[in-house]
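What's in my_file08.txt: compact mmCIF, C-alpha atoms
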```txt
# COMPACT_ATOMS: atom_id res chain seq x y z
CA MET E 3 -72.16 -47.34 -157.04
CA TRP E 4 -71.89 -51.12 -157.21
CA LEU E 5 -69.67 -53.10 -154.88
CA ALA E 6 -67.99 -56.34 -155.90
CA CYS E 7 -68.03 -58.54 -152.81
CA THR E 8 -70.21 -61.30 -151.46
CA VAL E 9 -73.13 -59.07 -152.41
CA SER E 10 -73.57 -56.33 -154.95
CA ALA E 11 -74.73 -53.04 -153.52
CA THR E 12 -76.16 -49.85 -154.89
CA PHE E 13 -77.49 -46.91 -152.93
CA ALA E 14 -80.37 -45.53 -154.96
CA CYS E 15 -83.86 -46.75 -155.76
CA GLY E 16 -86.00 -45.12 -158.45
CA ARG E 17 -89.75 -45.10 -158.98
CA ARG E 18 -91.30 -47.56 -161.36
CA ASP E 19 -92.68 -46.15 -164.61
CA ALA E 20 -94.31 -48.97 -166.55
CA PRO E 21 -97.60 -50.52 -165.41
CA PRO E 22 -97.40 -54.25 -164.52
CA PRO E 23 -98.99 -56.99 -166.61
CA ASP E 24 -102.38 -58.02 -165.28
CA SER E 25 -101.45 -61.51 -164.16
CA ALA E 26 -102.07 -63.39 -160.94
CA ALA E 27 -98.51 -64.67 -161.08
CA ASN E 28 -97.26 -61.11 -160.67
CA LYS E 29 -99.12 -60.38 -157.45
CA PRO E 30 -96.72 -59.83 -154.53
CA SER E 31 -96.17 -62.32 -151.77
CA THR E 32 -95.31 -60.70 -148.45
CA VAL E 33 -93.91 -62.19 -145.26
CA ALA E 34 -93.99 -59.84 -142.27
CA VAL E 35 -93.08 -60.17 -138.62
CA ALA E 36 -95.65 -57.74 -137.27
CA SER E 37 -98.82 -57.35 -135.30
CA ALA E 38 -102.02 -55.68 -136.44
CA PRO E 39 -102.02 -51.85 -136.40
CA SER E 40 -104.12 -50.09 -133.79
CA ASP E 41 -105.01 -46.48 -133.03
CA TRP E 42 -103.15 -43.38 -134.15
CA VAL E 43 -99.99 -42.52 -132.20
CA SER E 44 -101.08 -39.34 -130.43
CA GLU E 45 -97.48 -38.68 -129.40
CA LEU E 46 -96.71 -37.86 -133.04
CA GLY E 47 -99.17 -34.98 -133.03
CA GLU E 48 -102.29 -34.02 -134.92
CA LEU E 49 -100.94 -34.14 -138.49
CA PHE E 50 -98.93 -36.61 -140.57
CA VAL E 51 -98.02 -35.28 -144.03
CA VAL E 52 -95.79 -36.54 -146.86
CA PRO E 53 -94.58 -34.68 -149.97
CA SER E 54 -96.69 -34.80 -153.11
CA ASP E 55 -95.41 -34.83 -156.69
CA SER E 56 -96.05 -31.08 -156.98
CA GLU E 57 -93.69 -28.45 -155.59
CA ASN E 58 -94.60 -26.92 -152.20
CA THR E 59 -97.51 -29.29 -151.62
CA GLY E 60 -98.07 -32.26 -149.34
CA VAL E 61 -100.51 -35.12 -148.88
CA VAL E 62 -102.27 -35.47 -145.53
CA ILE E 63 -102.01 -39.08 -144.35
CA PHE E 64 -103.54 -38.38 -140.92
CA PRO E 65 -106.21 -37.38 -140.15
CA ALA E 66 -108.38 -38.54 -143.03
CA THR E 67 -110.44 -35.32 -143.07
CA PRO E 68 -108.46 -32.43 -141.57
CA SER E 69 -110.12 -29.06 -141.15
CA PRO E 70 -108.57 -25.88 -142.59
CA ARG E 71 -108.21 -24.57 -139.04
CA LEU E 72 -106.30 -27.68 -137.91
CA VAL E 73 -103.84 -27.41 -140.80
CA SER E 74 -103.15 -23.68 -140.41
CA SER E 75 -103.33 -23.36 -136.60
CA ALA E 76 -99.62 -24.01 -135.96
CA PRO E 77 -96.40 -24.55 -137.94
CA LEU E 78 -95.70 -27.95 -139.42
CA MET E 79 -92.31 -29.50 -138.69
CA LEU E 80 -90.82 -30.75 -141.96
CA LEU E 81 -88.26 -33.53 -141.44
CA THR E 82 -85.68 -35.10 -143.71
CA THR E 83 -84.71 -38.75 -143.49
CA SER E 84 -81.35 -37.78 -141.99
CA GLY E 85 -83.10 -35.92 -139.15
CA ASP E 86 -82.87 -32.27 -140.22
CA SER E 87 -85.97 -30.18 -139.58
CA ALA E 88 -87.56 -26.87 -140.54
CA ALA E 89 -90.84 -25.25 -139.54
CA ALA E 90 -93.36 -24.07 -142.13
CA ARG E 91 -96.93 -22.85 -142.12
CA ALA E 92 -99.40 -24.79 -144.28
CA SER E 93 -102.91 -24.29 -145.62
CA LEU E 94 -105.46 -26.85 -146.73
CA VAL E 95 -106.11 -26.96 -150.47
CA VAL E 96 -109.88 -26.73 -150.90
CA SER E 97 -110.66 -28.90 -153.93
CA ASP E 98 -113.00 -31.65 -155.00
CA SER E 99 -110.02 -33.67 -156.26
CA GLN E 100 -107.88 -35.52 -153.74
CA VAL E 101 -104.74 -37.62 -154.07
CA CYS E 102 -105.70 -41.18 -155.00
CA GLY E 103 -109.32 -40.07 -154.59
CA GLU E 104 -109.15 -39.96 -150.80
CA ALA E 105 -106.26 -37.92 -149.34
CA PRO E 106 -106.47 -34.12 -149.03
CA THR E 107 -103.52 -31.90 -149.91
CA ILE E 108 -101.88 -28.90 -148.26
CA ARG E 109 -100.02 -25.91 -149.67
CA LEU E 110 -96.65 -24.82 -148.26
CA PRO E 111 -95.05 -21.38 -148.69
CA ASP E 112 -92.32 -20.82 -151.28
CA SER E 113 -89.85 -20.45 -148.40
CA ALA E 114 -90.41 -24.06 -147.29
CA PRO E 115 -87.47 -26.45 -147.84
CA SER E 116 -87.52 -28.24 -151.18
CA THR E 117 -86.41 -31.58 -149.72
CA TRP E 118 -88.31 -33.25 -146.89
CA SER E 119 -89.73 -36.70 -146.23
CA VAL E 120 -92.44 -36.20 -143.61
CA GLY E 121 -94.28 -33.40 -141.87
CA LEU E 122 -95.51 -33.66 -138.27
CA ARG E 123 -97.01 -31.44 -135.64
CA ALA E 124 -95.55 -33.06 -132.56
CA ARG E 125 -94.48 -31.26 -129.43
CA ALA E 126 -92.99 -34.13 -127.43
CA ALA E 127 -91.40 -36.18 -130.23
CA ALA E 128 -88.01 -35.35 -131.73
CA ALA E 129 -86.34 -36.48 -134.96
CA ILE E 130 -83.35 -38.83 -134.62
CA ARG E 131 -80.24 -38.27 -136.69
CA MET E 132 -79.58 -41.12 -139.15
CA ASP E 133 -76.47 -41.88 -141.20
CA SER E 134 -76.64 -43.49 -144.64
CA ILE E 135 -74.41 -46.29 -145.91
CA GLU E 136 -73.44 -43.83 -148.63
CA SER E 137 -71.57 -41.74 -146.05
CA LEU E 138 -69.14 -44.59 -145.27
CA LEU E 139 -65.79 -45.14 -146.91
CA SER E 140 -65.89 -47.61 -149.80
CA ALA E 141 -64.27 -50.49 -147.87
CA ASP E 142 -66.50 -49.91 -144.84
CA SER E 143 -69.67 -49.73 -146.93
CA ALA E 144 -68.72 -53.00 -148.67
CA ARG E 145 -68.30 -54.78 -145.33
CA PHE E 146 -71.54 -53.28 -144.05
CA ALA E 147 -73.42 -54.39 -147.18
CA ALA E 148 -72.05 -57.92 -146.80
CA ASP E 149 -73.19 -58.00 -143.15
CA LEU E 150 -76.68 -56.87 -144.15
CA ALA E 151 -76.85 -59.51 -146.89
CA ARG E 152 -75.96 -62.22 -144.37
CA LEU E 153 -78.68 -60.99 -142.01
CA ALA E 154 -81.27 -61.04 -144.81
CA SER E 155 -80.22 -64.47 -146.07
CA ALA E 156 -80.63 -65.92 -142.56
CA GLN E 157 -84.34 -65.03 -142.45
CA PRO E 158 -86.92 -67.74 -143.15
CA THR E 159 -88.26 -68.21 -146.66
CA THR E 160 -90.47 -70.71 -148.42
CA ARG E 161 -88.92 -74.05 -149.31
CA ASP E 162 -89.62 -73.62 -153.03
CA SER E 163 -88.49 -69.99 -153.26
CA ARG E 164 -87.20 -69.09 -156.71
CA PHE E 165 -84.78 -66.60 -155.13
CA ALA E 166 -82.82 -69.10 -153.01
CA GLY E 167 -79.10 -68.73 -153.61
CA LEU E 168 -79.34 -65.43 -155.49
CA PRO E 169 -77.22 -62.50 -154.22
CA PHE E 170 -78.73 -59.62 -152.29
CA VAL E 171 -78.42 -56.02 -153.44
CA VAL E 172 -78.51 -53.32 -150.74
CA LEU E 173 -80.69 -50.49 -152.04
CA SER E 174 -80.54 -48.37 -148.89
CA ALA E 175 -79.36 -48.66 -145.28
CA ARG E 176 -79.54 -46.14 -142.47
CA ARG E 177 -78.06 -46.30 -138.97
CA PHE E 178 -78.86 -44.46 -135.76
CA GLU E 179 -78.40 -44.76 -132.00
CA VAL E 180 -81.13 -44.34 -129.43
CA ARG E 181 -81.51 -45.39 -125.80
CA GLY E 182 -78.29 -47.38 -125.76
CA GLN E 183 -79.00 -49.34 -128.95
CA GLY E 184 -77.36 -49.12 -132.35
CA ILE E 185 -80.07 -49.71 -134.98
CA VAL E 186 -79.87 -50.22 -138.74
CA VAL E 187 -82.81 -50.16 -141.18
CA ALA E 188 -82.05 -51.68 -144.58
CA HIS E 189 -83.87 -52.34 -147.86
CA LEU E 190 -82.45 -55.20 -149.94
CA VAL E 191 -83.50 -56.90 -153.17
CA ARG E 192 -82.83 -60.13 -155.06
CA ARG E 193 -83.67 -60.27 -158.76
CA LEU E 194 -84.69 -63.18 -160.95
CA PRO E 195 -83.95 -61.97 -164.51
CA GLN E 196 -86.54 -63.96 -166.45
CA GLU E 197 -86.91 -62.70 -169.99
CA ALA E 198 -90.72 -62.53 -170.05
CA THR E 199 -91.52 -61.33 -166.51
CA PRO E 200 -88.48 -60.49 -164.36
CA LEU E 201 -89.26 -60.98 -160.67
CA GLU E 202 -87.92 -59.30 -157.54
CA GLU E 203 -87.82 -60.14 -153.85
CA HIS E 204 -87.59 -57.09 -151.58
CA SER E 205 -86.63 -57.34 -147.90
CA LEU E 206 -86.90 -54.86 -145.04
CA VAL E 207 -84.46 -55.64 -142.24
CA ILE E 208 -84.23 -53.89 -138.87
CA ALA E 209 -81.29 -55.07 -136.79
CA GLU E 210 -79.82 -53.94 -133.48
CA ARG E 211 -76.78 -54.23 -131.25
CA PRO E 212 -75.69 -52.48 -128.03
CA ALA E 213 -74.33 -49.03 -128.88
CA PRO E 214 -71.37 -49.36 -126.46
CA ALA E 215 -70.26 -52.52 -128.35
CA PRO E 216 -69.84 -51.42 -132.00
CA SER E 217 -67.86 -54.55 -132.87
CA SER E 218 -70.61 -56.93 -131.76
CA PRO E 219 -72.83 -58.48 -134.46
CA TYR E 220 -76.28 -57.16 -135.30
CA SER E 221 -79.37 -59.20 -134.44
CA VAL E 222 -82.52 -58.95 -136.57
CA THR E 223 -85.47 -57.57 -134.59
CA TYR E 224 -87.95 -56.99 -137.45
CA PHE E 225 -88.29 -58.35 -140.97
CA GLN E 226 -90.60 -58.04 -143.98
CA ARG E 227 -90.33 -59.64 -147.41
CA SER E 228 -92.31 -59.02 -150.60
CA GLU E 229 -92.13 -60.77 -153.98
CA GLY E 230 -93.48 -59.77 -157.39
CA THR E 231 -92.50 -57.78 -160.44
CA GLU E 232 -90.69 -54.47 -160.04
CA GLU E 233 -94.10 -52.79 -160.13
CA THR E 234 -96.02 -55.09 -157.76
CA ALA E 235 -93.45 -55.94 -155.07
CA ASP E 236 -93.22 -53.62 -152.05
CA HIS E 237 -90.39 -51.09 -152.12
CA TYR E 238 -89.49 -49.99 -148.58
CA GLU E 239 -88.53 -46.43 -147.63
CA VAL E 240 -87.62 -44.94 -144.25
CA LEU E 241 -89.22 -41.52 -143.88
CA ALA E 242 -88.00 -40.63 -140.38
CA ALA E 243 -86.96 -42.00 -137.01
CA ILE E 244 -88.67 -40.33 -134.03
CA ARG E 245 -87.73 -40.40 -130.35
CA GLY E 246 -90.87 -40.51 -128.24
CA ALA E 247 -91.18 -39.98 -124.51
CA GLU E 248 -90.66 -43.67 -123.72
CA THR E 249 -90.05 -45.44 -127.03
CA THR E 250 -88.84 -45.06 -130.63
CA PHE E 251 -90.91 -44.83 -133.81
CA LEU E 252 -90.01 -45.46 -137.44
CA LEU E 253 -92.17 -43.81 -140.10
CA MET E 254 -92.12 -46.03 -143.18
CA ALA E 255 -93.55 -46.19 -146.70
CA ARG E 256 -94.21 -49.38 -148.72
CA ASP E 257 -94.59 -48.41 -152.34
CA GLN E 258 -96.02 -50.23 -155.35
CA GLU E 259 -97.11 -48.99 -158.77
CA ALA E 260 -100.79 -48.90 -157.77
CA ARG E 261 -100.65 -48.06 -154.06
CA THR E 262 -98.52 -46.81 -151.18
CA SER E 263 -98.86 -47.93 -147.56
CA TYR E 264 -97.67 -45.67 -144.75
CA GLU E 265 -96.77 -47.40 -141.48
CA ILE E 266 -95.61 -46.34 -138.05
CA LEU E 267 -93.41 -48.97 -136.43
CA GLU E 268 -93.07 -48.84 -132.65
CA ARG E 269 -90.17 -50.38 -130.74
CA ALA E 270 -91.12 -52.34 -127.63
CA LYS E 271 -89.24 -51.60 -124.42
CA SER E 272 -88.08 -55.21 -124.35
CA GLY E 273 -86.91 -55.05 -127.99
CA GLY E 274 -88.61 -55.91 -131.26
CA TRP E 275 -90.93 -53.80 -133.39
CA ARG E 276 -94.62 -53.80 -134.29
CA ILE E 277 -96.83 -51.93 -136.72
CA ARG E 278 -98.60 -49.43 -134.50
CA TRP E 279 -100.58 -47.62 -137.21
CA ALA E 280 -101.01 -47.87 -140.99
CA ARG E 281 -102.88 -46.32 -143.90
CA THR E 282 -102.90 -47.32 -147.58
CA LEU E 283 -103.57 -44.99 -150.51
CA ALA E 284 -104.58 -46.88 -153.64
CA CYS E 285 -104.22 -45.11 -156.99
```

Turn the structure described in the file into C-alpha cells.
Amino acid sequence: MWLACTVSATFACGRRDAPPPDSAANKPSTVAVASAPSDWVSELGELFVVPSDSENTGVVIFPATPSPRLVSSAPLMLLTTSGDSAAARASLVVSDSQVCGEAPTIRLPDSAPSTWSVGLRARAAAAIRMDSIESLLSADSARFAADLARLASAQPTTRDSRFAGLPFVVLSARRFEVRGQGIVVAHLVRRLPQEATPLEEHSLVIAERPAPAPSSPYSVTYFQRSEGTEETADHYEVLAAIRGAETTFLLMARDQEARTSYEILERAKSGGWRIRWARTLAC
C-alpha cells in the first residue's frame, strides 16, 4: 500500500534477486551512530538462531561452533517479530557444508511453527510485543509515516549527497513500550532512479518518547544510513525486541546481496543505543 502524503509509504520489503555490477561506485556508504561491539550478551542465553531458506531448519549465529549436546539439551524458544513465542526441540545437522561456509545449521521438528524470526535459549529475557504500522488505520499510518520521514530527514548527511530533497519511503515501522518509554524502530529508503545504475539510501531510525505522553514528539536516539544499489546497500530488519533484567535489547539484521550482519543493540539506562554484539555471514 502506497500513501500519498508528504512521503510515500509501503509496508513490505522483498529480497534482492539480481547480483550487483562489480563497480566501486556501487559499494555502500554507511553512517552509523554506534560504538564497537563487545562480548556476547549472556543474558540472551546460549544459542542465537535465525531461520534458513529451508523449511524446519535454522542457522546458528551464536556460538560459532555449537556442540550437538548444547543444541539438543533444552527447548529453543522461537520468537516472531511481533513477540509471539513457541518452544521447540532442535538437533544439530552434522554436515561438512555450512551456511555461507561458516555457520552450522539445526533441524526443527515438523510441529515447529512455520513463521519465526529468531530462536533463543534465554531464561531471564522475555520477548516484547511490537505493533506494526500496518496495523494502524490508513489516516493514522499516513501521519505516522510522515512523522518518521521528518525524523529521518533531520539526521545529518554529507553536503554533496545525491539524495538530498528526495522523498522518504517507509518500508517498515514497529512500535513498543518498555520501562516507561514508547519506542519506534523504522526502516526508510530514498531512491535515485538513474537509468544505468539506480541508487538507494536506506535509513534505520530508532526514536523514543515518554509512554505516558503519546502526543509528545519522538526524539531520535539511534540512527544508521547506508547508500548503494539495491543489492549493495544495507536493508534493515528487526528480528525481535527483548526485555532483559535491567535493559532492553533489539535483535537486528542488516542484509545485502553478498552478506548479512546480525547485531544486538543494547539500550543504555540513560537513553541511547549501542551495538553490543555483531556477527557477519558473507556468502

Fill in: Neighbour list for Ser56 in chain E as a ChimeraX atom specification, cut-off 12 Å, only C-alpha atoms, skip fewer than 2 positions in-chain
/E:52-54,58-61,101,107-110,116

Discussion item. Ranking E:Thr231, E:Thr250, E:Ser205, E:Ala127 by minimum distance to Glu179 in chain E and counting all atoms listed in the file, which one comes first?
Written reply: E:Thr250

Worksheet item: Given the choices E:Thr249, E:Ser113, E:Ser44, E:Ser228, which gets closest to Pro65 in chain E if the distance is worked out from all atoms listed in the file?
Response: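 Of the candidates, the smallest distance to Pro65 in chain E is held by E:Ser44.
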
Discussion item. Could you tell me how far CA of Gly246 in chain E sits from CA of Glu45 in chain E, in Å to one decimal place?
Written reply: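 Interatomic distance, CA of Glu45 in chain E to CA of Gly246 in chain E: 7.0 Å.
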
Worksheet entry | Counting all atoms listed in the file, the option among E:Ala255, E:Ala215, E:Ala247, E:Val186 closest to Asp133 in chain E |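 Closest candidate: E:Val186.
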
Practice prompt. Check the smallest atom-to-atom distance from each of E:His204, E:Glu104, E:Ala198, E:Ala209 to Leu153 in chain E using only C-alpha atoms, then report the winner.
Written response: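 Ranking E:His204, E:Glu104, E:Ala198, E:Ala209 by distance to Leu153 in chain E, first place goes to E:Ala209.
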
Fill in: Nearby residues (all atoms listed in the file) at most 12 Å from Ser69 in chain E, same-chain spacing under 5 positions excluded, as number ranges by chain
E: 48-49, 62, 64, 74-75, 92-96, 106-108

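A straight line drawn from CA of Ser263 in chain E to CA of Ser221 in chain E is 26.1 Å long.
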
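Proximity of E:Ala242, E:Ile130, E:Cys285, E:Ile135 to Asp257 in chain E, computed with all atoms listed in the file, is greatest for E:Cys285.
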
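CA of Asp162 in chain E sits 15.2 Å away from CA of Arg192 in chain E.
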
Any idea what's packed within 12 Å of Ala280 in chain E, counting all atoms listed in the file, ignoring anything in its chain fewer than 4 positions away? Could you give it as a PDB file with C-alpha atoms, keeping the file's coordinate frame?
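The resulting selection.pdb:
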```pdb
ATOM      1  CA  ALA E  36     -95.650 -57.740-137.270  1.00  0.00           C
ATOM      2  CA  SER E  37     -98.820 -57.350-135.300  1.00  0.00           C
ATOM      3  CA  ALA E  38    -102.020 -55.680-136.440  1.00  0.00           C
ATOM      4  CA  PRO E  39    -102.020 -51.850-136.400  1.00  0.00           C
ATOM      5  CA  SER E  40    -104.120 -50.090-133.790  1.00  0.00           C
ATOM      6  CA  ASP E  41    -105.010 -46.480-133.030  1.00  0.00           C
ATOM      7  CA  TRP E  42    -103.150 -43.380-134.150  1.00  0.00           C
ATOM      8  CA  VAL E  43     -99.990 -42.520-132.200  1.00  0.00           C
ATOM      9  CA  PHE E  50     -98.930 -36.610-140.570  1.00  0.00           C
ATOM     10  CA  ILE E  63    -102.010 -39.080-144.350  1.00  0.00           C
ATOM     11  CA  PHE E  64    -103.540 -38.380-140.920  1.00  0.00           C
ATOM     12  CA  PRO E  65    -106.210 -37.380-140.150  1.00  0.00           C
ATOM     13  CA  LEU E 252     -90.010 -45.460-137.440  1.00  0.00           C
ATOM     14  CA  LEU E 253     -92.170 -43.810-140.100  1.00  0.00           C
ATOM     15  CA  MET E 254     -92.120 -46.030-143.180  1.00  0.00           C
ATOM     16  CA  ALA E 255     -93.550 -46.190-146.700  1.00  0.00           C
ATOM     17  CA  ARG E 256     -94.210 -49.380-148.720  1.00  0.00           C
ATOM     18  CA  THR E 262     -98.520 -46.810-151.180  1.00  0.00           C
ATOM     19  CA  SER E 263     -98.860 -47.930-147.560  1.00  0.00           C
ATOM     20  CA  TYR E 264     -97.670 -45.670-144.750  1.00  0.00           C
ATOM     21  CA  GLU E 265     -96.770 -47.400-141.480  1.00  0.00           C
ATOM     22  CA  ILE E 266     -95.610 -46.340-138.050  1.00  0.00           C
ATOM     23  CA  LEU E 267     -93.410 -48.970-136.430  1.00  0.00           C
ATOM     24  CA  GLU E 268     -93.070 -48.840-132.650  1.00  0.00           C
ATOM     25  CA  ARG E 276     -94.620 -53.800-134.290  1.00  0.00           C
TER      26      ARG E 276
END
```

Kindly list the centre and edge lengths in Å, rounded to one decimal, for the axis-aligned box that covers all listed atoms of range 250-255 of chain E plus 3 Å on each of its six sides, as AutoDock Vina command-line options.
```
--center_x -91.2 --center_y -45.0 --center_z -138.7 --size_x 10.7 --size_y 8.4 --size_z 22.1
```

Worksheet item: E:Ser119, E:Gln157, E:Thr282, E:Ser174: which is nearest Thr223 in chain E, counting all atoms listed in the file?
Response: E:Gln157

Sel. within 8 Å of pt (-96.0, -54.0, -156.0), counting only C-alpha atoms, output as an mmCIF file with C-alpha atoms, in the frame of the given file:
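Now in part38.cif:
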```
data_model
loop_
_atom_site.group_PDB
_atom_site.id
_atom_site.type_symbol
_atom_site.label_atom_id
_atom_site.label_comp_id
_atom_site.auth_asym_id
_atom_site.auth_seq_id
_atom_site.Cartn_x
_atom_site.Cartn_y
_atom_site.Cartn_z
ATOM 1 C CA LYS E 29 -99.120 -60.380 -157.450
ATOM 2 C CA PRO E 30 -96.720 -59.830 -154.530
ATOM 3 C CA GLY E 230 -93.480 -59.770 -157.390
ATOM 4 C CA THR E 231 -92.500 -57.780 -160.440
ATOM 5 C CA GLU E 232 -90.690 -54.470 -160.040
ATOM 6 C CA GLU E 233 -94.100 -52.790 -160.130
ATOM 7 C CA THR E 234 -96.020 -55.090 -157.760
ATOM 8 C CA ALA E 235 -93.450 -55.940 -155.070
ATOM 9 C CA ASP E 236 -93.220 -53.620 -152.050
ATOM 10 C CA HIS E 237 -90.390 -51.090 -152.120
ATOM 11 C CA ASP E 257 -94.590 -48.410 -152.340
ATOM 12 C CA GLN E 258 -96.020 -50.230 -155.350
ATOM 13 C CA GLU E 259 -97.110 -48.990 -158.770
ATOM 14 C CA ALA E 260 -100.790 -48.900 -157.770
ATOM 15 C CA ARG E 261 -100.650 -48.060 -154.060
#
```
